[in-house]
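Structure data follow from data-v4.pdb (PDB, C-alpha atoms and all ligand atoms):
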ATOM      1  CA  MET A  48     180.304 103.317 189.003
ATOM      2  CA  THR A  49     177.121 104.207 190.874
ATOM      3  CA  ILE A  50     175.902 101.656 193.357
ATOM      4  CA  LYS A  51     172.152 101.885 193.683
ATOM      5  CA  THR A  52     171.629  98.719 195.676
ATOM      6  CA  ALA A  53     173.861  96.173 197.359
ATOM      7  CA  GLN A  54     172.317  93.462 199.480
ATOM      8  CA  PHE A  55     173.377  90.239 201.125
ATOM      9  CA  ILE A  56     171.404  87.362 199.634
ATOM     10  CA  LYS A  57     172.784  84.205 201.230
ATOM     11  CA  GLY A  58     175.810  82.206 202.242
ATOM     12  CA  ILE A  59     176.252  78.785 200.681
ATOM     13  CA  ILE A  60     178.641  75.917 201.328
ATOM     14  CA  GLY A  61     178.127  73.907 198.138
ATOM     15  CA  SER A  62     175.694  73.342 195.318
ATOM     16  CA  ASP A  63     172.782  75.796 195.371
ATOM     17  CA  GLU A  64     170.204  77.175 192.929
ATOM     18  CA  ILE A  65     171.725  80.661 193.173
ATOM     19  CA  LEU A  66     174.716  79.384 191.206
ATOM     20  CA  LYS A  67     172.511  78.629 188.242
ATOM     21  CA  ASP A  68     170.228  81.660 188.077
ATOM     22  CA  GLY A  69     172.071  83.147 185.100
ATOM     23  CA  ARG A  70     173.433  86.223 186.863
ATOM     24  CA  LYS A  71     177.070  87.133 186.424
ATOM     25  CA  GLN A  72     179.272  86.249 189.399
ATOM     26  CA  ILE A  73     182.325  88.237 190.458
ATOM     27  CA  ALA A  74     184.248  86.224 193.040
ATOM     28  CA  PHE A  75     186.811  87.619 195.476
ATOM     29  CA  ILE A  76     189.615  85.522 196.895
ATOM     30  CA  GLY A  77     192.802  86.205 198.791
ATOM     31  CA  ARG A  78     194.927  85.451 201.796
ATOM     32  CA  SER A  79     193.482  86.302 205.153
ATOM     33  CA  ASN A  80     194.158  89.941 206.113
ATOM     34  CA  VAL A  81     195.035  91.047 202.598
ATOM     35  CA  GLY A  82     192.077  93.435 202.689
ATOM     36  CA  LYS A  83     189.445  91.405 200.822
ATOM     37  CA  SER A  84     186.515  92.759 202.818
ATOM     38  CA  SER A  85     187.905  96.301 202.599
ATOM     39  CA  VAL A  86     188.157  96.008 198.795
ATOM     40  CA  ILE A  87     184.539  94.817 198.507
ATOM     41  CA  ASN A  88     183.396  97.608 200.842
ATOM     42  CA  SER A  89     185.296 100.229 198.847
ATOM     43  CA  LEU A  90     183.802  98.967 195.575
ATOM     44  CA  VAL A  91     180.250  99.286 196.899
ATOM     45  CA  ASN A  92     181.121 102.448 198.834
ATOM     46  CA  LYS A  93     179.781 101.119 202.113
ATOM     47  CA  LYS A  94     181.900 100.819 205.219
ATOM     48  CA  GLY A  95     181.016  97.692 207.184
ATOM     49  CA  PHE A  96     178.976  96.133 204.348
ATOM     50  CA  VAL A  97     181.195  93.044 204.457
ATOM     51  CA  ARG A  98     182.740  92.296 207.820
ATOM     52  CA  SER A  99     186.466  91.674 208.060
ATOM     53  CA  GLY A 100     187.611  88.168 207.233
ATOM     54  CA  SER A 101     189.447  88.127 210.529
ATOM     55  CA  MET A 102     186.190  88.287 212.527
ATOM     56  CA  PRO A 103     185.328  84.957 214.156
ATOM     57  CA  GLY A 104     182.666  83.009 212.297
ATOM     58  CA  ARG A 105     183.155  84.998 209.107
ATOM     59  CA  THR A 106     185.179  82.413 207.256
ATOM     60  CA  LYS A 107     183.008  79.413 206.618
ATOM     61  CA  GLN A 108     180.818  80.061 203.619
ATOM     62  CA  MET A 109     180.602  81.664 200.201
ATOM     63  CA  ASP A 110     178.585  84.850 200.629
ATOM     64  CA  PHE A 111     176.474  86.150 197.737
ATOM     65  CA  PHE A 112     175.704  89.871 197.473
ATOM     66  CA  LEU A 113     173.405  91.202 194.763
ATOM     67  CA  ILE A 114     174.686  94.459 193.283
ATOM     68  CA  ASN A 115     172.340  96.879 191.475
ATOM     69  CA  GLU A 116     169.811  94.034 191.119
ATOM     70  CA  ASP A 117     172.053  92.778 188.349
ATOM     71  CA  PHE A 118     175.092  90.671 189.301
ATOM     72  CA  TYR A 119     176.633  89.001 192.322
ATOM     73  CA  PHE A 120     179.717  89.691 194.314
ATOM     74  CA  VAL A 121     180.781  86.372 195.837
ATOM     75  CA  ASP A 122     182.966  86.660 198.921
ATOM     76  CA  LEU A 123     184.884  83.386 199.141
ATOM     77  CA  PRO A 124     186.567  82.396 202.403
ATOM     78  CA  GLY A 125     190.091  83.737 202.604
ATOM     79  CA  TYR A 126     192.979  81.301 202.799
ATOM     80  CA  GLY A 127     195.960  80.990 205.097
ATOM     81  CA  TYR A 128     194.207  81.580 208.394
ATOM     82  CA  ALA A 129     196.703  80.935 211.166
ATOM     83  CA  GLN A 130     193.971  80.596 213.789
ATOM     84  CA  LEU A 131     192.081  77.742 212.109
ATOM     85  CA  SER A 132     192.748  74.057 212.621
ATOM     86  CA  GLU A 133     194.292  72.054 209.785
ATOM     87  CA  ASP A 134     190.926  70.336 209.316
ATOM     88  CA  GLN A 135     189.054  73.603 208.934
ATOM     89  CA  ARG A 136     191.656  74.968 206.540
ATOM     90  CA  VAL A 137     191.436  71.889 204.311
ATOM     91  CA  LYS A 138     187.634  72.182 204.285
ATOM     92  CA  LEU A 139     187.735  75.843 203.257
ATOM     93  CA  LYS A 140     190.322  75.206 200.573
ATOM     94  CA  LYS A 141     188.217  72.372 199.158
ATOM     95  CA  MET A 142     185.183  74.663 199.056
ATOM     96  CA  MET A 143     187.125  77.366 197.211
ATOM     97  CA  LEU A 144     188.537  74.876 194.719
ATOM     98  CA  TRP A 145     185.098  73.379 194.135
ATOM     99  CA  TYR A 146     183.568  76.785 193.410
ATOM    100  CA  LEU A 147     186.392  77.893 191.142
ATOM    101  CA  PHE A 148     187.156  74.737 189.236
ATOM    102  CA  GLU A 149     184.221  72.333 189.401
ATOM    103  CA  ASP A 150     181.148  74.518 189.412
ATOM    104  CA  LYS A 151     181.756  75.795 185.870
ATOM    105  CA  ASN A 152     180.193  79.129 184.991
ATOM    106  CA  PRO A 153     181.142  81.070 181.868
ATOM    107  CA  THR A 154     180.014  84.426 183.272
ATOM    108  CA  ARG A 155     182.338  84.240 186.227
ATOM    109  CA  LYS A 156     185.189  86.615 186.954
ATOM    110  CA  VAL A 157     187.710  86.098 189.714
ATOM    111  CA  VAL A 158     189.375  88.933 191.602
ATOM    112  CA  LEU A 159     192.457  87.658 193.386
ATOM    113  CA  ILE A 160     193.726  90.118 195.957
ATOM    114  CA  ILE A 161     197.370  90.228 196.952
ATOM    115  CA  ASP A 162     199.353  92.634 199.086
ATOM    116  CA  ALA A 163     201.117  95.138 196.810
ATOM    117  CA  GLU A 164     203.918  95.644 199.303
ATOM    118  CA  VAL A 165     204.510  91.986 200.215
ATOM    119  CA  GLY A 166     203.844  90.559 196.741
ATOM    120  CA  PRO A 167     202.385  87.122 196.008
ATOM    121  CA  LYS A 168     202.931  84.376 198.596
ATOM    122  CA  ASP A 169     203.184  80.620 197.897
ATOM    123  CA  MET A 170     199.472  80.054 198.398
ATOM    124  CA  ASP A 171     198.644  82.891 195.959
ATOM    125  CA  LEU A 172     200.988  81.387 193.377
ATOM    126  CA  GLU A 173     199.432  77.963 193.817
ATOM    127  CA  VAL A 174     195.920  79.334 193.251
ATOM    128  CA  LEU A 175     197.064  81.499 190.333
ATOM    129  CA  ASP A 176     198.686  78.512 188.641
ATOM    130  CA  MET A 177     195.371  76.685 188.764
ATOM    131  CA  LEU A 178     193.414  79.712 187.576
ATOM    132  CA  LYS A 179     195.790  79.941 184.625
ATOM    133  CA  LEU A 180     195.489  76.244 183.869
ATOM    134  CA  TYR A 181     191.699  76.406 183.851
ATOM    135  CA  GLU A 182     191.744  79.650 181.829
ATOM    136  CA  LEU A 183     189.503  81.538 184.200
ATOM    137  CA  ASN A 184     188.908  85.238 183.797
ATOM    138  CA  VAL A 185     191.146  86.691 186.510
ATOM    139  CA  ILE A 186     192.046  90.175 187.670
ATOM    140  CA  ILE A 187     194.843  90.569 190.216
ATOM    141  CA  VAL A 188     194.271  93.406 192.658
ATOM    142  CA  ALA A 189     197.463  94.509 194.399
ATOM    143  CA  ASN A 190     195.967  96.118 197.495
ATOM    144  CA  LYS A 191     197.519  98.445 200.097
ATOM    145  CA  SER A 192     199.350 100.367 197.353
ATOM    146  CA  ASP A 193     199.292 103.387 199.677
ATOM    147  CA  LYS A 194     202.078 101.655 201.615
ATOM    148  CA  ILE A 195     204.437 101.906 198.657
ATOM    149  CA  LYS A 196     206.509 105.049 198.109
ATOM    150  CA  LYS A 197     205.267 107.181 195.203
ATOM    151  CA  SER A 198     208.684 106.900 193.525
ATOM    152  CA  GLU A 199     208.511 103.086 193.657
ATOM    153  CA  ILE A 200     204.977 102.591 192.482
ATOM    154  CA  ILE A 201     205.505 102.344 188.717
ATOM    155  CA  LYS A 202     208.378  99.926 189.222
ATOM    156  CA  ARG A 203     206.269  97.785 191.570
ATOM    157  CA  LEU A 204     203.406  97.559 189.093
ATOM    158  CA  ALA A 205     205.829  96.602 186.295
ATOM    159  CA  ILE A 206     207.326  93.831 188.473
ATOM    160  CA  LEU A 207     203.908  92.420 189.384
ATOM    161  CA  GLN A 208     202.599  92.669 185.840
ATOM    162  CA  GLY A 209     205.789  90.963 184.608
ATOM    163  CA  GLN A 210     205.199  88.077 187.022
ATOM    164  CA  PHE A 211     201.684  87.533 185.684
ATOM    165  CA  PRO A 212     201.651  88.482 182.010
ATOM    166  CA  GLU A 213     198.428  86.565 181.391
ATOM    167  CA  PHE A 214     196.409  88.533 183.956
ATOM    168  CA  ASN A 215     195.601  92.189 184.355
ATOM    169  CA  VAL A 216     197.170  93.620 187.528
ATOM    170  CA  ILE A 217     195.572  96.662 189.149
ATOM    171  CA  LEU A 218     197.200  98.642 191.954
ATOM    172  CA  TYR A 219     194.574  99.360 194.558
ATOM    173  CA  SER A 220     194.159 101.129 197.853
ATOM    174  CA  THR A 221     191.039 101.058 199.966
ATOM    175  CA  LYS A 222     192.451 104.040 201.848
ATOM    176  CA  THR A 223     192.836 106.367 198.822
ATOM    177  CA  ASN A 224     190.483 104.580 196.380
ATOM    178  CA  GLU A 225     193.337 104.281 193.890
ATOM    179  CA  GLY A 226     192.369 101.728 191.239
ATOM    180  CA  ARG A 227     188.665 101.727 192.083
ATOM    181  CA  GLU A 228     187.408 103.065 188.741
ATOM    182  CA  GLN A 229     189.853 100.909 186.791
ATOM    183  CA  LEU A 230     188.720  97.807 188.647
ATOM    184  CA  TRP A 231     185.042  98.610 188.056
ATOM    185  CA  GLU A 232     185.757  99.010 184.343
ATOM    186  CA  GLU A 233     187.350  95.562 184.244
ATOM    187  CA  LEU A 234     184.554  93.983 186.265
ATOM    188  CA  LEU A 235     181.856  95.315 183.975
ATOM    189  CA  LEU A 236     183.509  94.210 180.723
TER
HETATM  190  P1  LIG A 301     190.479  90.506 205.034
HETATM  191  O1  LIG A 301     190.866  89.606 206.171
HETATM  192  O2  LIG A 301     191.189  90.099 203.784
HETATM  193  O3  LIG A 301     189.012  90.643 204.833
HETATM  194  O4  LIG A 301     191.094  91.935 205.360
HETATM  195  P2  LIG A 301     190.435  93.257 205.969
HETATM  196  O5  LIG A 301     189.604  93.959 204.938
HETATM  197  O6  LIG A 301     189.813  92.963 207.263
HETATM  198  O7  LIG A 301     191.766  94.128 206.170
HETATM  199  C1  LIG A 301     192.844  93.669 206.929
HETATM  200  C2  LIG A 301     193.656  94.840 207.433
HETATM  201  O8  LIG A 301     194.249  95.525 206.330
HETATM  202  C3  LIG A 301     192.828  95.889 208.176
HETATM  203  O9  LIG A 301     193.592  96.363 209.257
HETATM  204  C4  LIG A 301     192.613  96.996 207.133
HETATM  205  O10 LIG A 301     192.439  98.270 207.715
HETATM  206  C5  LIG A 301     193.910  96.916 206.355
HETATM  207  N1  LIG A 301     193.741  97.379 204.954
HETATM  208  C6  LIG A 301     192.822  96.975 204.056
HETATM  209  N2  LIG A 301     192.966  97.619 202.876
HETATM  210  C7  LIG A 301     194.034  98.454 203.028
HETATM  211  C8  LIG A 301     194.697  99.402 202.147
HETATM  212  O11 LIG A 301     194.352  99.626 200.983
HETATM  213  N3  LIG A 301     195.778 100.072 202.686
HETATM  214  C9  LIG A 301     196.211  99.874 203.955
HETATM  215  N4  LIG A 301     197.289 100.567 204.370
HETATM  216  N5  LIG A 301     195.616  98.986 204.802
HETATM  217  C10 LIG A 301     194.531  98.303 204.343
END
What is this file in structure tokens?
Ligand code: GDP
Amino acid sequence: MTIKTAQFIKGIIGSDEILKDGRKQIAFIGRSNVGKSSVINSLVNKKGFVRSGSMPGRTKQMDFFLINEDFYFVDLPGYGYAQLSEDQRVKLKKMMLWYLFEDKNPTRKVVLIIDAEVGPKDMDLEVLDMLKLYELNVIIVANKSDKIKKSEIIKRLAILQGQFPEFNVILYSTKTNEGREQLWEELLL
């Protein structure tokens, strides 16, 4: 995939005209520190394009990036931040749930990023259950696959895919770019 242009358009916290402009939206979600910003940066081939979710002040809105003047990447706040107050966490979760489940959009795809080595955590399973229930178009990206031994990798993918038969699971590494082309193919379908 050739990225000709990638630009930040705006961050929103709720209803906004950008949601209704007819462009396809590809949304990224995942636990804090799972590598969500690194995955977006590797997809657009730009280091530092999206700042790490762990940076202060980076967690509060849904950021829209226009890719190749065609479709949006939507960087949703990560979940499971230890450093946020309970209040802030509830607010962010509500915002994510609103975007995913109330603001209906048939063109939307959701990329849920998990840690390939650690596997899905409770919060991931909770979100995945809802995504399944609402029949959203979901791709699971198992990031940090470079941390898994080569001899284990096929087994790990089979285990993850077996856990989520209804979703496509892609092993990914932002360090080696494993999975990048496969993910782009899925995103552009
Ligand atoms: P975010 O909080 O989900 O946005 O996560 P970041 O993109 O900031 O990444 C969190 C940490 O994971 C950083 O230290 C990254 O360098 C590291 N990381 C991200 N992707 C990978 C990967 O594919 N492999 C490895 N080994 N580390 C990664």
Per residue of chain A within 8 Å of ligand LIG 301 (chain A), record the nearest atom pair and its distance in Å to one decimal, counting all atoms listed in the file, with rows in chain order and ascending residue number, as JSON lines.
{"residue": "A:Gly77", "atom": "CA", "partner": "A:LIG301", "partner_atom": "O2", "distance": 6.5}
{"residue": "A:Arg78", "atom": "CA", "partner": "A:LIG301", "partner_atom": "O2", "distance": 6.3}
{"residue": "A:Ser79", "atom": "CA", "partner": "A:LIG301", "partner_atom": "O1", "distance": 4.3}
{"residue": "A:Asn80", "atom": "CA", "partner": "A:LIG301", "partner_atom": "O1", "distance": 3.3}
{"residue": "A:Val81", "atom": "CA", "partner": "A:LIG301", "partner_atom": "O2", "distance": 4.1}
{"residue": "A:Gly82", "atom": "CA", "partner": "A:LIG301", "partner_atom": "O4", "distance": 3.2}
{"residue": "A:Lys83", "atom": "CA", "partner": "A:LIG301", "partner_atom": "O2", "distance": 3.7}
{"residue": "A:Ser84", "atom": "CA", "partner": "A:LIG301", "partner_atom": "O3", "distance": 3.8}
{"residue": "A:Ser85", "atom": "CA", "partner": "A:LIG301", "partner_atom": "O5", "distance": 3.7}
{"residue": "A:Val86", "atom": "CA", "partner": "A:LIG301", "partner_atom": "N2", "distance": 6.5}
{"residue": "A:Arg98", "atom": "CA", "partner": "A:LIG301", "partner_atom": "O6", "distance": 7.1}
{"residue": "A:Ser99", "atom": "CA", "partner": "A:LIG301", "partner_atom": "O6", "distance": 3.7}
{"residue": "A:Gly100", "atom": "CA", "partner": "A:LIG301", "partner_atom": "O1", "distance": 3.7}
{"residue": "A:Ser101", "atom": "CA", "partner": "A:LIG301", "partner_atom": "O1", "distance": 4.8}
{"residue": "A:Met102", "atom": "CA", "partner": "A:LIG301", "partner_atom": "O6", "distance": 7.9}
{"residue": "A:Gly125", "atom": "CA", "partner": "A:LIG301", "partner_atom": "O2", "distance": 6.6}
{"residue": "A:Asn190", "atom": "CA", "partner": "A:LIG301", "partner_atom": "O11", "distance": 5.2}
{"residue": "A:Lys191", "atom": "CA", "partner": "A:LIG301", "partner_atom": "O11", "distance": 3.5}
{"residue": "A:Ser192", "atom": "CA", "partner": "A:LIG301", "partner_atom": "O11", "distance": 6.2}
{"residue": "A:Asp193", "atom": "CA", "partner": "A:LIG301", "partner_atom": "N3", "distance": 5.7}
{"residue": "A:Lys194", "atom": "CA", "partner": "A:LIG301", "partner_atom": "N4", "distance": 5.6}
{"residue": "A:Tyr219", "atom": "CA", "partner": "A:LIG301", "partner_atom": "O11", "distance": 6.4}
{"residue": "A:Ser220", "atom": "CA", "partner": "A:LIG301", "partner_atom": "O11", "distance": 3.5}
{"residue": "A:Thr221", "atom": "CA", "partner": "A:LIG301", "partner_atom": "O11", "distance": 3.7}
{"residue": "A:Lys222", "atom": "CA", "partner": "A:LIG301", "partner_atom": "O11", "distance": 4.9}
{"residue": "A:Thr223", "atom": "CA", "partner": "A:LIG301", "partner_atom": "O11", "distance": 7.2}
{"residue": "A:Asn224", "atom": "CA", "partner": "A:LIG301", "partner_atom": "O11", "distance": 7.8}
Decode the PyMOL selection byres (((chain A and resi 148) around 12) and not hetatm) for the given file into explicit residues and return them as a ChimeraX atom specification.
/A:140-147,149-153,155,157,174,177-184
For Leu230 (chain A), the nearest of the candidates A:Lys156, A:Lys57, A:Arg203, A:Lys196, counting all atoms listed in the file
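For Leu230 (chain A), the nearest of the given residues is A:Lys156.
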Expanded to explicit residues, what is the PyMOL selection byres (((chain A and resi 228) around 12) and not hetatm) for this file, as a list in words?
Met48, Thr49, Ser89, Leu90, Val91, Asn92, Ile217, Leu218, Tyr219, Ser220, Thr221, Thr223, Asn224, Glu225, Gly226, Arg227, Gln229, Leu230, Trp231, Glu232, Glu233, Leu234 and Leu235 of chain A
Using only C-alpha atoms, which protein or nucleic acid residues come within 10 Å of Asp171 (chain A)? Drop anything in the same chain fewer than 6 positions from it, and give the result as a ChimeraX atom specification.
/A:76-78,126-127,159-161
Just C-alpha atoms for this one: save the residues we selected as a PDB file, keeping the file's coordinate frame.
ATOM      1  CA  ILE A  76     189.615  85.522 196.895  1.00  0.00           C
ATOM      2  CA  GLY A  77     192.802  86.205 198.791  1.00  0.00           C
ATOM      3  CA  ARG A  78     194.927  85.451 201.796  1.00  0.00           C
ATOM      4  CA  TYR A 126     192.979  81.301 202.799  1.00  0.00           C
ATOM      5  CA  GLY A 127     195.960  80.990 205.097  1.00  0.00           C
ATOM      6  CA  LEU A 159     192.457  87.658 193.386  1.00  0.00           C
ATOM      7  CA  ILE A 160     193.726  90.118 195.957  1.00  0.00           C
ATOM      8  CA  ILE A 161     197.370  90.228 196.952  1.00  0.00           C
TER       9      ILE A 161
END
For a quick check of your reading of the model, name the residues lying within 12 Å of the coordinate (176.9, 79.5, 193.4), counting all atoms listed in the file, and write them as number ranges by chain.
A: 56-74, 108-112, 119-123, 142-143, 145-147, 149-152, 154-155
Please, what distance in Å, to one decimal, runs between CA of Leu172 (chain A) and CA of Ala129 (chain A)?
18.3 Å
Correct to one decimal, the distance CA of Val158 (chain A)-CA of Phe96 (chain A) is 18.0 Å
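With CA of Ile87 (chain A) on one side and CA of Val165 (chain A) on the other, the separation reads 20.2 Å.
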Of the candidates A:Ala53, A:Leu113, A:Ala163, A:Leu236, which one gets nearest to Ile195 (chain A) if we count only C-alpha atoms?
A:Ala163
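Residue nearest Thr52 (chain A) within the list A:Asn115, A:Gln130, A:Gln208, A:Asn88: A:Asn115 [criterion: smallest interatomic distance, all atoms listed in the file].
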Take every atom of region 71-90 of chain A listed in the file, fit an axis-aligned box around them, add 5 Å per side, and give the centre and edge lengths in Å to one decimal as lines of an AutoDock Vina configuration file.
center_x = 186.1
center_y = 92.8
center_z = 196.3
size_x = 28.0
size_y = 24.8
size_z = 29.7
Model the absent atoms of region 214-231 of chain A so that N, CA and C atoms are present, and write the result as a tab-separated table (two decimals), keeping the file's coordinate frame.
chain	number	residue	atom	x	y	z
A	214	PHE	N	197.52	87.90	183.22
A	214	PHE	CA	196.41	88.53	183.96
A	214	PHE	C	196.62	90.04	184.05
A	215	ASN	N	195.51	90.75	184.14
A	215	ASN	CA	195.60	92.19	184.36
A	215	ASN	C	195.87	92.46	185.84
A	216	VAL	N	196.87	93.28	186.13
A	216	VAL	CA	197.17	93.62	187.53
A	216	VAL	C	196.77	95.08	187.77
A	217	ILE	N	196.01	95.30	188.83
A	217	ILE	CA	195.57	96.66	189.15
A	217	ILE	C	196.08	97.04	190.54
A	218	LEU	N	196.79	98.15	190.63
A	218	LEU	CA	197.20	98.64	191.95
A	218	LEU	C	195.99	99.26	192.62
A	219	TYR	N	195.81	98.97	193.89
A	219	TYR	CA	194.57	99.36	194.56
A	219	TYR	C	194.87	99.83	195.98
A	220	SER	N	194.09	100.78	196.43
A	220	SER	CA	194.16	101.13	197.85
A	220	SER	C	192.77	101.44	198.35
A	221	THR	N	192.36	100.78	199.41
A	221	THR	CA	191.04	101.06	199.97
A	221	THR	C	191.09	102.33	200.81
A	222	LYS	N	192.30	102.79	201.07
A	222	LYS	CA	192.45	104.04	201.85
A	222	LYS	C	192.31	105.26	200.94
A	223	THR	N	192.86	105.19	199.71
A	223	THR	CA	192.84	106.37	198.82
A	223	THR	C	191.87	106.17	197.65
A	224	ASN	N	191.34	104.95	197.52
A	224	ASN	CA	190.48	104.58	196.38
A	224	ASN	C	191.24	104.51	195.06
A	225	GLU	N	192.57	104.49	195.12
A	225	GLU	CA	193.34	104.28	193.89
A	225	GLU	C	192.90	102.95	193.26
A	226	GLY	N	192.69	102.97	191.96
A	226	GLY	CA	192.37	101.73	191.24
A	226	GLY	C	190.90	101.39	191.21
A	227	ARG	N	190.08	102.11	191.97
A	227	ARG	CA	188.66	101.73	192.08
A	227	ARG	C	187.95	101.80	190.73
A	228	GLU	N	188.11	102.92	190.04
A	228	GLU	CA	187.41	103.06	188.74
A	228	GLU	C	187.93	102.06	187.72
A	229	GLN	N	189.25	101.86	187.74
A	229	GLN	CA	189.85	100.91	186.79
A	229	GLN	C	189.33	99.50	187.05
A	230	LEU	N	189.21	99.15	188.33
A	230	LEU	CA	188.72	97.81	188.65
A	230	LEU	C	187.26	97.66	188.21
A	231	TRP	N	186.45	98.68	188.48
A	231	TRP	CA	185.04	98.61	188.06
A	231	TRP	C	184.94	98.42	186.54
